[in-house]
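K.L.:
Take a look at the following structure, please.
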Amino acid sequence: MMEAKEQVINLMEPRKQLHAYHQELTAAFERILTSGNYVLGEECERLEQEVAEYLGVQEAITLANGTDALILALEAGGVGPGDEVITTPFSFFATAEAILRIGAIPIFVDVDPTTYNLDVTQIEERITSRTRAILPVHLFGLPAAMEPIMSIAKQYEFMVIEDACQAFGACYVGKKVGGLGDAGCFSFFPTKNLGTIGDGGMVVTNSKELAERIRLLRNHGSARKYFHTAVGYNSRLDEIHAAILRILLPQVDQWNQQRVQLAQRYYEQLRSCEKITIQKPIAGHIYHLFSIEVEQRERLQAYLQKYHISSGTYYPYPLHTLPALAGIGRSGETFPVAERLAKELLALPLHPHLSITEQDHVISTIQQYYQEQEG
Ligand SMILES: *Cc1c(COP(=O)(O)O)cnc(C)c1O
C-alpha cells in the first residue's frame with residue numbers, strides 16, 4: 001500500500017462506513033433499477049416494518065428527510081399557526097425551522113450545562129395558554145430527560161415530538177428513543193448514525209391516527225390515487241434509499257457501540273487536562289458527535305488543522321440569535337448556557353472506522369497543544 005503523505009483525520013467518514021457493503025449495495029441498486037418501482041414501494045414498506053420492530057413502536061412512516069419528519073409530525077399532531085412549541089435554542093436550525101414552517105412559534109428553554117439538552121426545570125415557567133407541544137432534541141445522540149418531559153406534557157396535555165435525528169439507536173432508561181413521545185423524528189442524511197447516500201427521514205409513533213395522517217400528508221394528501229382529501233406535501237422516500245437503509249440497519253448497534261468505545265477513550269485520556277471540560281459518559285448516549293468544551297477553541301482548531309486533524313463547531317449560533325428568527329417569539333431573550341456552548345464546543349473526529357492510532361494522534365496533538373500553551 002502506498003503511504004499517503006499526510007492523511008487527514010476527518011470528523012466523519014460516511015464513505016468508509018459504506019465500503020464493507022459495496023457488493024450488497026450494488027446488488028440493491030441493480031435490483032431496484034430493473035424493478036421499475038422507484039418511489040415509496042416495497043422497500044419503503046419493509047424498512048418501515050423493520051425500523052418499527054427495531055425501535056419497538058407500532059408505526060413508522062418513511063419520508064424525504066428529517067426536516068419533513070418534524071414538519072409533518074407537528075402538522076399531523078394539530079400544531080398550527082400561532083401555537084407555541086417549547087424547544088431548545090441549541091440544535092441544528094431544522095428544529096426551529098420546522099416549527100416556523102407550519103406557522104407556529106418556537107419558545108426556547110435554555111439547556112442543561114451537563115447534557116446540552118433541554119433544562120427541564122425551566123420548562124414550566126415557559127408554558128402559556130398557547131403552548132401546544134414540547135419538542136426535545138436528543139442532541140449529539142444523548143437522550144433528553146424524557147421522564148420529566150413526559151410528565152409535564154401529561155399534566156398540561158401537550159404533545160411531545162422527539163427530534164431524534166441525531167439519536168438513532170440511543171436508549172433512555174432501557175428504551176430506544178423515538179418511541180417515548182407521541183412521535184419521534186429521524187433523519188437518514190449520510191452523516192447521521194444511520195444514513196443513506198442522499199436524503200431520507202422517518203416519523204415513528206404508537207398512534208395509528210397520527211401515522212395515518214402523516215401517510216396522507218407525505219403523498220399530496222391522497223390515500224387513493226388522484227383523490228386528495230388534504231393539502232399535503234411531496235415527501236416520499238426513494239426505494240434506493242430504503243434498500244440501502246435496510247442493508248445498514250442490522251449494523252447500526254455495532255457502529256454505535258464503536259462510537260461509544262471511542263468516546264469513552266477520549267474521555268479517559270483527556271479528562272485530566274484542566275483546560276478541557278467533557279460531558280461524563282452516560283449510558284444510552286450513542287455519540288453522533290463527541291465534543292469538548294474549551295476556551296478559545298479557534299486556536300485549538302487551527303492547531304489541529306496544522307496536524308491534519310479536522311474538528312467541527314456544532315453549533316456556532318444558538319437558534320434565538322439567528323437572523324431568520326429575528327422578531328419572532330419573545331425576542332431579546334438570552335440563554336446563557338446555549339450561548340456559552342456555542343462558543344466553546346469543539347467536535348473531535350469520531351466515527352466507527354476511526355482507528356486507535358488515529359485517535360491517539362488526535363489525543364496527543366491536543367495534549368501537546370496545551371503543553372505548548374503552558375511552556
Ligand atoms: C439532521 C437534523 C435534522 C434535519 O434532518 P434532515 O434530514 O437534514 O432534514 C433535524 N434536527 C436535527 C437535530 C438534526 O441533526
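Chain labels follow the order of the C-alpha cells: the first chain is A, the next B, and so on; residue numbering restarts at 1 in every chain, and ligands are counted from 1 in their shown order.
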When the cut-off is 8 Å and you count only C-alpha atoms and all ligand atoms, which residues lie near ligand 1, shown as number ranges by chain?

P.N.:
A: 64-70, 91-95, 137-140, 163-166, 186-189, 192, 199-201

K.L.:
Could those residues be written to a file, using C-alpha atoms, as a tab-separated table (two decimals), in the first residue's frame?

P.N.:
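So result-v9.tsv came out as:
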chain	number	residue	atom	x	y	z
A	64	ALA	CA	-37.99	12.51	2.23
A	65	ASN	CA	-35.85	13.90	5.09
A	66	GLY	CA	-35.67	14.61	8.79
A	67	THR	CA	-36.87	18.20	8.50
A	68	ASP	CA	-40.08	16.99	6.86
A	69	ALA	CA	-40.41	14.42	9.64
A	70	LEU	CA	-40.58	17.29	12.15
A	91	SER	CA	-29.75	22.44	17.98
A	92	PHE	CA	-29.50	22.32	14.22
A	93	PHE	CA	-31.63	25.02	12.57
A	94	ALA	CA	-34.17	22.49	11.23
A	95	THR	CA	-35.60	22.05	14.74
A	137	VAL	CA	-33.81	17.21	20.82
A	138	HIS	CA	-31.57	14.28	21.73
A	139	LEU	CA	-28.52	16.34	20.95
A	140	PHE	CA	-25.36	14.61	19.70
A	163	ASP	CA	-36.21	15.31	17.42
A	164	ALA	CA	-34.23	12.07	17.34
A	165	CYS	CA	-32.39	12.93	14.12
A	166	GLN	CA	-29.02	12.53	15.86
A	186	PHE	CA	-35.37	10.67	12.35
A	187	SER	CA	-33.06	11.77	9.56
A	188	PHE	CA	-31.12	9.41	7.33
A	189	PHE	CA	-28.77	12.08	5.96
A	192	LYS	CA	-26.21	10.53	10.75
A	199	ASP	CA	-31.67	12.43	1.99
A	200	GLY	CA	-34.17	10.38	3.93
A	201	GLY	CA	-36.33	10.65	7.03

K.L.:
Got a sec: who's within 9 Å of Lys280 in chain A, counting only C-alpha atoms, leaving out chain neighbours fewer than 3 positions off, as a PyMOL selection string?

P.N.:
chain A and resi 114-115+264+267

K.L.:
Determine, using only C-alpha atoms, which residues of range 72-115 of chain A have any atom at most 12 Å from an atom of range 316-334 of chain A, and tabulate each with its shortest atom pair and distance in Å to one decimal place, rows ordered by chain and then rising number, as a Markdown table.

P.N.:
| residue | atom | partner | partner_atom | distance |
| --- | --- | --- | --- | --- |
| A:Gly82 | CA | A:Gly329 | CA | 9.8 |
| A:Asp83 | CA | A:Gly329 | CA | 10.5 |
| A:Glu84 | CA | A:Gly329 | CA | 8.6 |
| A:Val85 | CA | A:Gly329 | CA | 10.3 |
| A:Ile86 | CA | A:Gly329 | CA | 10.9 |
| A:Thr87 | CA | A:Leu319 | CA | 10.2 |
| A:Thr88 | CA | A:Leu319 | CA | 8.2 |
| A:Pro89 | CA | A:Leu319 | CA | 4.8 |
| A:Phe90 | CA | A:Pro318 | CA | 5.3 |
| A:Ser91 | CA | A:Leu319 | CA | 7.2 |
| A:Phe92 | CA | A:Leu319 | CA | 7.9 |
| A:Phe93 | CA | A:Leu319 | CA | 6.5 |
| A:Ala94 | CA | A:Leu319 | CA | 9.7 |
| A:Thr95 | CA | A:Leu319 | CA | 9.0 |
| A:Ala96 | CA | A:Leu319 | CA | 7.2 |
| A:Glu97 | CA | A:Ala324 | CA | 8.9 |
| A:Ile99 | CA | A:Leu325 | CA | 11.2 |
| A:Leu100 | CA | A:Leu325 | CA | 8.8 |
| A:Arg101 | CA | A:Ala324 | CA | 11.6 |
| A:Gly103 | CA | A:Ile328 | CA | 10.7 |
| A:Ala104 | CA | A:Gly329 | CA | 9.3 |
| A:Ile105 | CA | A:Gly329 | CA | 5.8 |
| A:Pro106 | CA | A:Gly329 | CA | 6.6 |
| A:Ile107 | CA | A:Gly329 | CA | 6.6 |
| A:Phe108 | CA | A:His320 | CA | 7.7 |
| A:Val109 | CA | A:Thr334 | CA | 9.8 |
| A:Asp110 | CA | A:Thr334 | CA | 8.6 |
| A:Val111 | CA | A:Pro318 | CA | 10.8 |

K.L.:
Counting only C-alpha atoms, which residue out of A:Ile152, A:Ala73, A:Ala52, A:Leu47 sits closest to Arg215 in chain A?

P.N.:
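Using only C-alpha atoms, Arg215 in chain A sits closest to A:Ala73.
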
K.L.:
Just the residues within 10 Å of Arg213 in chain A, please, counting only C-alpha atoms, with nothing from its chain fewer than 6 positions along; format it as a list of chain:residue names.

P.N.:
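Returned residues: A:Leu72, A:Ala73, A:Glu75, A:Ala76, A:Gly77, A:Gly221, A:Ala223, A:Ala230, A:Gly232.
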
K.L.:
Given only C-alpha atoms as the basis, pick out the residue of A:Val252, A:Leu348, A:Asp238, A:Ala263 nearest to Leu33 in chain A.

P.N.:
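Looking at the shortest contact to Leu33 in chain A, the residue is A:Asp238.
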
K.L.:
Under the rule that only C-alpha atoms are counted, which of A:Thr34, A:Asn10, A:Gln367, A:Gln155 is the nearest residue to Ser311 in chain A?

P.N.:
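Answer, going by the shortest atom-to-atom distance: A:Asn10.
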
K.L.:
Tell me, in Å to one decimal, how far CA of Val362 in chain A is from CA of Leu304 in chain A.

P.N.:
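Computing it gives 7.8 Å between the two atoms.
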
K.L.:
Let's see if you can do this: from backbone DSSP, list all strand (DSSP E or B) residues in range 25-177 of chain A, as a PDB file with C-alpha atoms, in the first residue's frame.

P.N.:
ATOM      1  CA  VAL A  39     -40.520   5.750  -5.100  1.00  0.00           C
ATOM      2  CA  GLU A  59     -45.886   2.695  13.279  1.00  0.00           C
ATOM      3  CA  ALA A  60     -43.064   4.019  11.118  1.00  0.00           C
ATOM      4  CA  ILE A  61     -43.545   6.310   8.122  1.00  0.00           C
ATOM      5  CA  THR A  62     -40.708   6.888   5.667  1.00  0.00           C
ATOM      6  CA  LEU A  63     -40.287  10.462   4.442  1.00  0.00           C
ATOM      7  CA  GLU A  84     -46.272  27.769  20.744  1.00  0.00           C
ATOM      8  CA  VAL A  85     -43.820  24.897  20.776  1.00  0.00           C
ATOM      9  CA  ILE A  86     -41.274  24.640  23.583  1.00  0.00           C
ATOM     10  CA  THR A  87     -37.849  23.618  22.357  1.00  0.00           C
ATOM     11  CA  ILE A 105     -43.660  29.873  17.345  1.00  0.00           C
ATOM     12  CA  PRO A 106     -40.609  28.283  18.963  1.00  0.00           C
ATOM     13  CA  ILE A 107     -40.397  29.132  22.657  1.00  0.00           C
ATOM     14  CA  PHE A 108     -36.900  28.421  23.831  1.00  0.00           C
ATOM     15  CA  VAL A 111     -30.102  23.789  28.007  1.00  0.00           C
ATOM     16  CA  LEU A 118     -33.478  20.976  27.434  1.00  0.00           C
ATOM     17  CA  THR A 131     -48.426  26.098  24.239  1.00  0.00           C
ATOM     18  CA  ARG A 132     -49.276  23.001  22.221  1.00  0.00           C
ATOM     19  CA  ALA A 133     -46.179  20.821  22.178  1.00  0.00           C
ATOM     20  CA  ILE A 134     -42.715  20.195  23.554  1.00  0.00           C
ATOM     21  CA  LEU A 135     -40.027  19.351  21.032  1.00  0.00           C
ATOM     22  CA  VAL A 137     -33.808  17.215  20.818  1.00  0.00           C
ATOM     23  CA  MET A 159     -47.819  16.596  22.576  1.00  0.00           C
ATOM     24  CA  VAL A 160     -44.194  15.569  22.779  1.00  0.00           C
ATOM     25  CA  ILE A 161     -42.361  15.270  19.492  1.00  0.00           C
ATOM     26  CA  GLU A 162     -38.828  13.935  19.785  1.00  0.00           C
ATOM     27  CA  ASP A 163     -36.205  15.305  17.422  1.00  0.00           C
ATOM     28  CA  CYS A 171     -31.589   4.455  24.738  1.00  0.00           C
ATOM     29  CA  TYR A 172     -33.296   6.217  27.614  1.00  0.00           C
ATOM     30  CA  LYS A 175     -35.920   2.117  25.805  1.00  0.00           C
ATOM     31  CA  LYS A 176     -34.982   3.279  22.327  1.00  0.00           C
TER      32      LYS A 176
END

K.L.:
Record the distance separating CA of Tyr307 in chain A and CA of Gln7 in chain A, expressed in Å with one decimal.

P.N.:
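Taking CA of Tyr307 in chain A as the start and CA of Gln7 in chain A as the end point, the length is 9.6 Å.
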